[in-house]
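S.K.: So I've got this file, start_34.pdb, and it contains PDB, C-alpha atoms and all ligand atoms:
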ATOM      1  CA  MET A  11      26.666 -26.896  -6.761
ATOM      2  CA  ARG A  12      27.880 -24.092  -8.980
ATOM      3  CA  ILE A  13      26.734 -24.337 -12.572
ATOM      4  CA  GLY A  14      27.873 -22.062 -15.399
ATOM      5  CA  ILE A  15      25.217 -21.465 -18.058
ATOM      6  CA  LEU A  16      26.386 -20.318 -21.484
ATOM      7  CA  ALA A  17      24.110 -17.318 -22.015
ATOM      8  CA  LEU A  18      25.067 -15.953 -25.423
ATOM      9  CA  GLN A  19      21.826 -16.800 -27.154
ATOM     10  CA  GLY A  20      18.889 -19.210 -27.038
ATOM     11  CA  ALA A  21      17.059 -20.979 -24.211
ATOM     12  CA  PHE A  22      19.489 -20.402 -21.343
ATOM     13  CA  ALA A  23      17.100 -18.707 -18.894
ATOM     14  CA  GLU A  24      14.943 -21.833 -18.663
ATOM     15  CA  HIS A  25      17.973 -23.913 -17.654
ATOM     16  CA  THR A  26      18.937 -21.347 -15.040
ATOM     17  CA  GLY A  27      15.387 -21.371 -13.671
ATOM     18  CA  MET A  28      15.189 -25.145 -13.466
ATOM     19  CA  LEU A  29      18.635 -25.617 -11.918
ATOM     20  CA  ARG A  30      18.042 -22.870  -9.333
ATOM     21  CA  HIS A  31      14.760 -24.542  -8.470
ATOM     22  CA  LEU A  32      16.763 -27.741  -7.845
ATOM     23  CA  GLY A  33      19.053 -25.836  -5.467
ATOM     24  CA  ALA A  34      22.050 -25.144  -7.713
ATOM     25  CA  GLU A  35      23.851 -21.825  -7.770
ATOM     26  CA  CYS A  36      23.898 -20.627 -11.388
ATOM     27  CA  PHE A  37      25.996 -18.004 -13.079
ATOM     28  CA  GLU A  38      25.564 -16.937 -16.669
ATOM     29  CA  ILE A  39      28.542 -16.761 -19.019
ATOM     30  CA  ARG A  40      28.423 -13.978 -21.610
ATOM     31  CA  LYS A  41      32.065 -12.991 -22.067
ATOM     32  CA  ALA A  42      35.567 -14.265 -21.305
ATOM     33  CA  ALA A  43      35.834 -12.080 -18.173
ATOM     34  CA  ASP A  44      32.926 -14.049 -16.670
ATOM     35  CA  LEU A  45      35.324 -16.996 -16.409
ATOM     36  CA  ASN A  46      37.801 -15.128 -14.185
ATOM     37  CA  GLY A  47      38.249 -17.054 -10.990
ATOM     38  CA  TRP A  48      35.395 -19.418 -11.762
ATOM     39  CA  GLU A  49      35.260 -22.789 -10.084
ATOM     40  CA  PRO A  50      32.268 -24.438 -11.729
ATOM     41  CA  ASP A  51      30.985 -27.932 -11.015
ATOM     42  CA  GLY A  52      29.126 -28.083 -14.313
ATOM     43  CA  LEU A  53      28.438 -26.240 -17.557
ATOM     44  CA  VAL A  54      25.217 -25.994 -19.589
ATOM     45  CA  ILE A  55      25.285 -25.307 -23.328
ATOM     46  CA  PRO A  56      21.668 -24.517 -24.202
ATOM     47  CA  GLY A  57      19.537 -24.792 -27.309
ATOM     48  CA  GLY A  58      19.361 -21.941 -29.763
ATOM     49  CA  GLU A  59      21.077 -21.584 -33.105
ATOM     50  CA  SER A  60      24.334 -23.519 -33.202
ATOM     51  CA  THR A  61      25.909 -21.528 -36.064
ATOM     52  CA  VAL A  62      25.276 -18.222 -34.269
ATOM     53  CA  MET A  63      26.519 -19.600 -30.950
ATOM     54  CA  ALA A  64      29.672 -21.003 -32.588
ATOM     55  CA  LYS A  65      30.488 -17.590 -34.105
ATOM     56  CA  LEU A  66      29.992 -15.889 -30.753
ATOM     57  CA  LEU A  67      32.099 -18.505 -28.941
ATOM     58  CA  TYR A  68      34.991 -17.879 -31.323
ATOM     59  CA  GLY A  69      34.537 -14.101 -31.433
ATOM     60  CA  LEU A  70      34.319 -13.724 -27.649
ATOM     61  CA  LYS A  71      37.284 -16.062 -27.093
ATOM     62  CA  LEU A  72      35.222 -18.417 -24.992
ATOM     63  CA  LEU A  73      35.768 -21.534 -27.060
ATOM     64  CA  THR A  74      39.267 -22.503 -25.911
ATOM     65  CA  PRO A  75      38.849 -21.950 -22.148
ATOM     66  CA  LEU A  76      35.549 -23.842 -22.131
ATOM     67  CA  ARG A  77      36.922 -26.668 -24.276
ATOM     68  CA  ASP A  78      39.918 -27.007 -21.932
ATOM     69  CA  LYS A  79      37.608 -27.322 -18.916
ATOM     70  CA  ILE A  80      35.480 -29.975 -20.657
ATOM     71  CA  ALA A  81      38.616 -31.904 -21.660
ATOM     72  CA  ASP A  82      39.676 -31.700 -18.018
ATOM     73  CA  GLY A  83      36.477 -33.495 -16.914
ATOM     74  CA  LEU A  84      34.033 -30.656 -16.165
ATOM     75  CA  PRO A  85      30.502 -32.094 -16.529
ATOM     76  CA  VAL A  86      28.714 -30.491 -19.481
ATOM     77  CA  PHE A  87      25.067 -30.703 -20.453
ATOM     78  CA  GLY A  88      24.331 -29.826 -24.092
ATOM     79  CA  THR A  89      20.749 -29.524 -25.267
ATOM     80  CA  CYS A  90      19.772 -29.328 -28.927
ATOM     81  CA  ALA A  91      22.150 -26.688 -30.379
ATOM     82  CA  GLY A  92      24.391 -27.512 -27.387
ATOM     83  CA  LEU A  93      24.536 -31.130 -28.572
ATOM     84  CA  ILE A  94      25.530 -29.954 -32.061
ATOM     85  CA  LEU A  95      28.295 -27.742 -30.626
ATOM     86  CA  LEU A  96      29.796 -30.638 -28.636
ATOM     87  CA  ALA A  97      29.753 -33.141 -31.524
ATOM     88  CA  ALA A  98      32.991 -34.202 -33.187
ATOM     89  CA  ARG A  99      31.224 -34.431 -36.554
ATOM     90  CA  VAL A 100      28.337 -32.410 -38.012
ATOM     91  CA  GLU A 101      26.876 -33.649 -41.305
ATOM     92  CA  GLY A 102      27.387 -30.964 -43.938
ATOM     93  CA  GLY A 103      28.857 -28.530 -41.420
ATOM     94  CA  ALA A 104      31.796 -27.688 -39.225
ATOM     95  CA  PRO A 105      32.226 -28.959 -35.651
ATOM     96  CA  CYS A 106      32.742 -26.482 -32.806
ATOM     97  CA  PHE A 107      33.967 -27.965 -29.497
ATOM     98  CA  ALA A 108      34.376 -31.326 -31.281
ATOM     99  CA  CYS A 109      34.826 -33.212 -28.014
ATOM    100  CA  MET A 110      32.108 -35.893 -28.118
ATOM    101  CA  ASP A 111      32.479 -38.915 -30.387
ATOM    102  CA  ILE A 112      29.173 -38.486 -32.235
ATOM    103  CA  THR A 113      28.029 -37.501 -35.722
ATOM    104  CA  VAL A 114      24.952 -35.266 -35.779
ATOM    105  CA  LYS A 115      22.443 -34.254 -38.370
ATOM    106  CA  ARG A 116      21.006 -30.767 -37.864
ATOM    107  CA  ASN A 117      17.360 -29.810 -38.451
ATOM    108  CA  ALA A 118      16.899 -33.505 -38.878
ATOM    109  CA  TYR A 119      13.152 -33.971 -38.809
ATOM    110  CA  GLY A 120      12.145 -32.027 -41.925
ATOM    111  CA  ARG A 121       9.891 -28.995 -42.097
ATOM    112  CA  GLN A 122       6.620 -30.603 -41.114
ATOM    113  CA  LEU A 123       8.067 -32.229 -38.036
ATOM    114  CA  GLY A 124      10.464 -29.418 -37.194
ATOM    115  CA  SER A 125       8.858 -29.002 -33.780
ATOM    116  CA  PHE A 126       6.956 -31.662 -31.905
ATOM    117  CA  GLU A 127       6.456 -33.185 -28.492
ATOM    118  CA  THR A 128       6.602 -36.815 -27.564
ATOM    119  CA  ALA A 129       7.570 -39.060 -24.657
ATOM    120  CA  ALA A 130      10.080 -41.893 -24.656
ATOM    121  CA  GLN A 131      12.177 -44.064 -22.350
ATOM    122  CA  PHE A 132      15.368 -42.536 -20.990
ATOM    123  CA  ALA A 133      17.910 -45.032 -19.610
ATOM    124  CA  GLY A 134      17.935 -45.131 -15.806
ATOM    125  CA  ILE A 135      15.056 -42.640 -15.531
ATOM    126  CA  GLY A 136      11.990 -44.053 -17.309
ATOM    127  CA  GLU A 137       9.613 -42.260 -19.607
ATOM    128  CA  VAL A 138      10.260 -38.536 -19.989
ATOM    129  CA  PRO A 139       8.479 -35.846 -22.016
ATOM    130  CA  MET A 140      10.544 -34.568 -24.938
ATOM    131  CA  VAL A 141      10.106 -31.206 -26.652
ATOM    132  CA  PHE A 142      11.833 -30.967 -30.038
ATOM    133  CA  ILE A 143      12.370 -27.601 -31.746
ATOM    134  CA  ARG A 144      14.088 -27.951 -35.115
ATOM    135  CA  GLY A 145      16.281 -30.453 -33.311
ATOM    136  CA  PRO A 146      19.155 -32.648 -34.461
ATOM    137  CA  TYR A 147      19.622 -36.348 -33.946
ATOM    138  CA  ILE A 148      22.720 -38.457 -33.506
ATOM    139  CA  VAL A 149      23.469 -40.400 -36.658
ATOM    140  CA  ASP A 150      26.393 -42.334 -35.302
ATOM    141  CA  ALA A 151      28.093 -42.750 -31.919
ATOM    142  CA  GLY A 152      31.519 -44.136 -30.999
ATOM    143  CA  ASP A 153      32.222 -46.992 -28.567
ATOM    144  CA  ARG A 154      32.647 -44.740 -25.518
ATOM    145  CA  VAL A 155      29.192 -43.223 -26.015
ATOM    146  CA  GLU A 156      26.271 -44.611 -24.047
ATOM    147  CA  VAL A 157      22.944 -44.229 -25.850
ATOM    148  CA  LEU A 158      20.306 -43.031 -23.365
ATOM    149  CA  ALA A 159      17.196 -42.514 -25.497
ATOM    150  CA  ARG A 160      15.832 -43.078 -28.960
ATOM    151  CA  VAL A 161      12.765 -41.782 -30.771
ATOM    152  CA  ASP A 162      11.691 -43.754 -33.846
ATOM    153  CA  GLY A 163      14.986 -45.628 -33.661
ATOM    154  CA  ARG A 164      17.044 -42.415 -33.789
ATOM    155  CA  ILE A 165      19.418 -41.516 -30.966
ATOM    156  CA  VAL A 166      18.185 -38.395 -29.150
ATOM    157  CA  ALA A 167      20.128 -38.566 -25.872
ATOM    158  CA  ALA A 168      23.572 -39.879 -24.991
ATOM    159  CA  ARG A 169      26.427 -39.672 -22.552
ATOM    160  CA  GLN A 170      30.165 -39.954 -22.959
ATOM    161  CA  GLU A 171      31.942 -39.715 -19.596
ATOM    162  CA  ASN A 172      31.427 -36.104 -18.404
ATOM    163  CA  MET A 173      29.298 -35.104 -21.410
ATOM    164  CA  LEU A 174      25.505 -35.446 -21.413
ATOM    165  CA  VAL A 175      23.489 -34.420 -24.472
ATOM    166  CA  THR A 176      19.854 -34.351 -25.539
ATOM    167  CA  ALA A 177      18.455 -33.451 -28.958
ATOM    168  CA  PHE A 178      15.316 -32.207 -27.208
ATOM    169  CA  HIS A 179      14.717 -29.480 -24.598
ATOM    170  CA  PRO A 180      14.304 -30.922 -21.077
ATOM    171  CA  GLU A 181      14.275 -27.359 -19.697
ATOM    172  CA  LEU A 182      10.994 -26.711 -21.536
ATOM    173  CA  ALA A 183       9.192 -29.816 -20.279
ATOM    174  CA  HIS A 184       7.760 -30.094 -16.800
ATOM    175  CA  ASN A 185      10.161 -32.792 -15.781
ATOM    176  CA  GLU A 186      13.353 -32.234 -13.826
ATOM    177  CA  ARG A 187      14.811 -35.706 -13.898
ATOM    178  CA  ILE A 188      17.420 -35.138 -16.585
ATOM    179  CA  HIS A 189      18.591 -31.962 -14.839
ATOM    180  CA  ARG A 190      18.834 -33.993 -11.625
ATOM    181  CA  LEU A 191      21.014 -36.529 -13.453
ATOM    182  CA  PHE A 192      23.277 -33.696 -14.587
ATOM    183  CA  LEU A 193      23.497 -32.346 -11.043
ATOM    184  CA  GLU A 194      24.519 -35.841  -9.868
ATOM    185  CA  MET A 195      27.363 -35.748 -12.407
ATOM    186  CA  ALA A 196      28.312 -32.282 -11.122
ATOM    187  CA  GLY A 197      28.216 -33.553  -7.523
ATOM    188  CA  GLU A 198      30.576 -36.436  -8.315
ATOM    189  CA  TYR A 199      32.965 -34.067 -10.068
ATOM    190  CA  ARG A 200      32.907 -31.690  -7.099
ATOM    191  CA  GLN A 201      33.629 -34.526  -4.700
ATOM    192  CA  LYS A 202      36.576 -35.671  -6.796
ATOM    193  CA  LYS A 203      37.930 -32.123  -6.857
ATOM    194  CA  GLU A 204      37.609 -31.830  -3.079
ATOM    195  CA  THR A 205      39.315 -35.185  -2.488
ATOM    196  CA  ARG A 206      42.198 -34.132  -4.727
ATOM    197  CA  GLY A 207      42.319 -30.797  -2.890
ATOM    198  CA  HIS A 208      42.522 -32.483   0.511
ATOM    199  CA  ARG A 209      45.337 -34.681  -0.699
ATOM    200  CA  GLY A 210      47.189 -31.520  -1.665
ATOM    201  CA  GLY A 211      47.081 -32.190  -5.416
ATOM    202  CA  SER A 212      46.136 -29.552  -7.924
ATOM    203  CA  PRO A 213      42.358 -29.336  -8.440
TER     204      PRO A 213
HETATM  205  N1  LIG A 301      18.306 -26.061 -35.424
HETATM  206  C1  LIG A 301      19.159 -25.497 -34.444
HETATM  207  C2  LIG A 301      20.619 -25.561 -34.864
HETATM  208  O1  LIG A 301      20.944 -26.153 -35.809
HETATM  209  C3  LIG A 301      18.992 -26.166 -33.095
HETATM  210  C4  LIG A 301      17.601 -25.902 -32.594
HETATM  211  C5  LIG A 301      17.497 -25.811 -31.105
HETATM  212  O2  LIG A 301      18.482 -25.688 -30.365
HETATM  213  N2  LIG A 301      16.288 -25.807 -30.663
HETATM  214  O3  LIG A 301      21.437 -24.996 -34.191
END
Would you give me this structure, written as structure tokens?
Ligand code: GLN

M.R.:
Amino acid sequence: MRIGILALQGAFAEHTGMLRHLGAECFEIRKAADLNGWEPDGLVIPGGESTVMAKLLYGLKLLTPLRDKIADGLPVFGTCAGLILLAARVEGGAPCFACMDITVKRNAYGRQLGSFETAAQFAGIGEVPMVFIRGPYIVDAGDRVEVLARVDGRIVAARQENMLVTAFHPELAHNERIHRLFLEMAGEYRQKKETRGHRGGSP
């Protein structure tokens, strides 16, 4: 599996480490030229600072090519700031990729609870550790969005077709199960691409 990791800022190295450990081939994306000839099976948008990452995405002309790939079905895994960047609506702010039918609230837990660890049920996986660092939560999700986890009643993980998001940082917890789920999505996408290729269609 070939996974592109957006590496402009934030916690990308931890994703790369975890995915390599699970056997994926990772390449880090820092500029538009890094996309030349790329044939990814998945894309990770890490945690960090969403406003800074959005500016860099625009400035480096990465936004449109990445958005086109996501719209085309490329599996994407957005964690924390990555979730914010994928959301169609950001309370009090501007959306970036705007491809997932969710409304998010940034820095949603107040100062005292800005960073905390907990554990909660994740649909299809069971209880997972969750590390929150000035994280968002999902205020509202459209019909096509499957809610995967909640903490104190608030949505902290969800999936809409090829898009998987968590408000917490699975790459910082000693638990690989959510990354495995993402690699399963990437595997299905790769298989579909190969089937289309064998039939002679465009990939
Ligand atoms: N608070 C950050 C933002 O709004 C997200 C924090 C994180 O990714 N850990 O972008």

S.K.: For the structure shown, which residues end up in the PyMOL selection byres (((chain A and resi 103) around 10) and not hetatm)? Put them as an MDAnalysis selection string, please?

M.R.: chainID A and resid 61 99:102 104:106 114:116

S.K.: Counting all atoms listed in the file, which residues have an atom no more than 12 Å from (23.8, -48.6, -24.1) in the file's coordinates? Please list them as number ranges by chain.

M.R.: A: 132-134, 151-160, 165, 167-170

S.K.: Identify, counting all atoms listed in the file, the protein, DNA and RNA residues located within 7 Å of ligand LIG 301 (chain A), and give them as a list of chain:residue names.

M.R.: A:Gly57, A:Gly58, A:Glu59, A:Ser60, A:Thr61, A:Thr89, A:Cys90, A:Ala91, A:Gly92, A:Ile94, A:Arg116, A:Asn117, A:Phe142, A:Ile143, A:Arg144, A:Gly145, A:Pro146

S.K.: Would you translate the PyMOL selection byres (((chain A and resi 112) around 6) and not hetatm) into the concrete set of residues it matches in this file, as a list in words?

M.R.: Ala97, Ala98, Met110, Asp111, Thr113, Asp150 and Ala151 of chain A

S.K.: List every protein, DNA or RNA residue that has at least one atom no more than 10 Å from (33.9, -21.4, -25.2) in the file's coordinates, counting all atoms listed in the file, and write the result as an NGL selection string.

M.R.: :A and (16 or 39-42 or 45 or 55 or 63-64 or 66-80 or 106-107)

S.K.: Please measure the separation of CA of Asp44 in chain A and CA of Ile13 in chain A, giving the value in Å to one decimal.

M.R.: 12.7 Å

S.K.: Using all atoms listed in the file, pick whichever of A:Gly83, A:Gly47, A:Gly88, A:Pro139 has the shortest atom-to-atom distance to Phe22 in chain A.

M.R.: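 Looking at the shortest contact to Phe22 in chain A, the residue is A:Gly88.
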
S.K.: Do you have the CA of Cys36 in chain A-CA of Glu49 in chain A distance handy?

M.R.: 11.6 Å

S.K.: Kindly add N, CA and C atoms to the incomplete range 127-142 of chain A and provide the output as a tab-separated table (two decimals), in the coordinates of the input.

M.R.:
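The file below, result_32.tsv, is the result:
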chain	number	residue	atom	x	y	z
A	127	GLU	N	6.26	-32.66	-29.85
A	127	GLU	CA	6.46	-33.18	-28.49
A	127	GLU	C	6.12	-34.66	-28.49
A	128	THR	N	6.87	-35.39	-27.69
A	128	THR	CA	6.60	-36.82	-27.56
A	128	THR	C	7.07	-37.25	-26.17
A	129	ALA	N	7.02	-38.54	-25.90
A	129	ALA	CA	7.57	-39.06	-24.66
A	129	ALA	C	8.25	-40.37	-25.00
A	130	ALA	N	9.37	-40.64	-24.37
A	130	ALA	CA	10.08	-41.89	-24.66
A	130	ALA	C	10.91	-42.29	-23.44
A	131	GLN	N	11.37	-43.53	-23.45
A	131	GLN	CA	12.18	-44.06	-22.35
A	131	GLN	C	13.56	-43.43	-22.36
A	132	PHE	N	14.03	-43.09	-21.16
A	132	PHE	CA	15.37	-42.54	-20.99
A	132	PHE	C	16.08	-43.48	-20.02
A	133	ALA	N	17.22	-44.01	-20.41
A	133	ALA	CA	17.91	-45.03	-19.61
A	133	ALA	C	18.11	-44.58	-18.16
A	134	GLY	N	17.71	-45.42	-17.22
A	134	GLY	CA	17.93	-45.13	-15.81
A	134	GLY	C	16.91	-44.19	-15.20
A	135	ILE	N	16.03	-43.62	-16.02
A	135	ILE	CA	15.06	-42.64	-15.53
A	135	ILE	C	13.62	-43.11	-15.77
A	136	GLY	N	13.36	-43.67	-16.95
A	136	GLY	CA	11.99	-44.05	-17.31
A	136	GLY	C	11.47	-43.13	-18.39
A	137	GLU	N	10.16	-43.06	-18.52
A	137	GLU	CA	9.61	-42.26	-19.61
A	137	GLU	C	9.70	-40.77	-19.28
A	138	VAL	N	10.19	-39.99	-20.21
A	138	VAL	CA	10.26	-38.54	-19.99
A	138	VAL	C	9.61	-37.82	-21.18
A	139	PRO	N	9.01	-36.64	-20.90
A	139	PRO	CA	8.48	-35.85	-22.02
A	139	PRO	C	9.62	-35.22	-22.79
A	140	MET	N	9.47	-35.12	-24.10
A	140	MET	CA	10.54	-34.57	-24.94
A	140	MET	C	9.97	-33.52	-25.88
A	141	VAL	N	10.53	-32.31	-25.79
A	141	VAL	CA	10.11	-31.21	-26.65
A	141	VAL	C	11.20	-30.98	-27.69
A	142	PHE	N	10.85	-31.17	-28.95
A	142	PHE	CA	11.83	-30.97	-30.04
A	142	PHE	C	11.52	-29.67	-30.77
